[in-house]
Amino acid sequence: MKMEKHLTSPVTSCDVPAMWQEHTRELQNYIAKRVKDKDEAKDILQEVLMKVYRFCLRNSGVNNLRSWLFQIAHNTIIDHYRRSAKFTEKNIPEIPEEDENLAFKEAVHFMEPMLGFLPEEYAVPLKLADLDGMKQADIAEKLNLSLPATKSRIQRARQLLKAEFLVCCNLETDARGNLISFAVKDSCTPLKNYQAKNNL
């Protein structure tokens, strides 16, 4: 998935009227494709607006405005279906996979280069597990490690990688801990260079 150019923009102030005027049509279309009832779609759009206002009353701005807005819309649609008596967890309409946690998908692009920040003993098993999808037992055999040692290294590697993300990136989460905004910090030269080189 190609990342949008604006994802590297600096913090955007919470000018709600301006951001709403710029993005409301696109948000309307996004919601309408997923909620067929026009009145319900309008209600969801208004709920998104109220969530944006409430956030902006508590915070000075966001890093990835478009990604942030669409993640709020995505979560609001899911919450709407969960509240509705017509739906249960089993028959909530499926949201297309490409829409699921947009910010997380953006962050994944930088996982492999950030593995280069870790010691090889941690980077290699984590890459095999989380990027290559290998089972931990197979990783243990491949690296000539015991299974407990492999599990320990992968767990430690994830902790180290998370720390590197916090140093190099601006991350924002919602009340449920979902990632809603991701951007590489200007101070993180290796990732900025990687981003420019790969047109991300």
# chains A, B, ... in the order shown; residues from 1 in each chain; ligands from 1
$ closest_atom_pairs --of "segment 129-164 of chain A" --to "segment 111-120 of chain A" --cutoff "8 Å" --atoms "only C-alpha atoms" --output "JSON lines"
{"residue": "A:Leu131", "atom": "CA", "partner": "A:Glu112", "partner_atom": "CA", "distance": 7.9}
{"residue": "A:Ala157", "atom": "CA", "partner": "A:Leu118", "partner_atom": "CA", "distance": 7.6}
{"residue": "A:Leu160", "atom": "CA", "partner": "A:Leu118", "partner_atom": "CA", "distance": 7.2}
{"residue": "A:Leu161", "atom": "CA", "partner": "A:Leu115", "partner_atom": "CA", "distance": 7.0}
{"residue": "A:Glu164", "atom": "CA", "partner": "A:Met114", "partner_atom": "CA", "distance": 7.4}
$ closest_residue --among "A:Val35, A:Leu65, A:Leu49, A:Ala123" --to "Ile77 of chain A" --atoms "only C-alpha atoms"
A:Val35
$ closest_residue --among "A:Cys169, A:Ile154, A:Met50, A:Ala163" --to "Ala129 of chain A" --atoms "only C-alpha atoms"
A:Ile154
$ residues_around --residues "Tyr194 of chain A" --least-positions-apart "2" --cutoff "12 Å" --atoms "only C-alpha atoms" --output "NGL selection string"
:A and (109-114 or 116 or 184 or 188-192 or 196-200)
$ atom_distance --atom1 "atom CA of Val48 of chain A" --atom2 "atom CA of Val16 of chain A"
11.5 Å
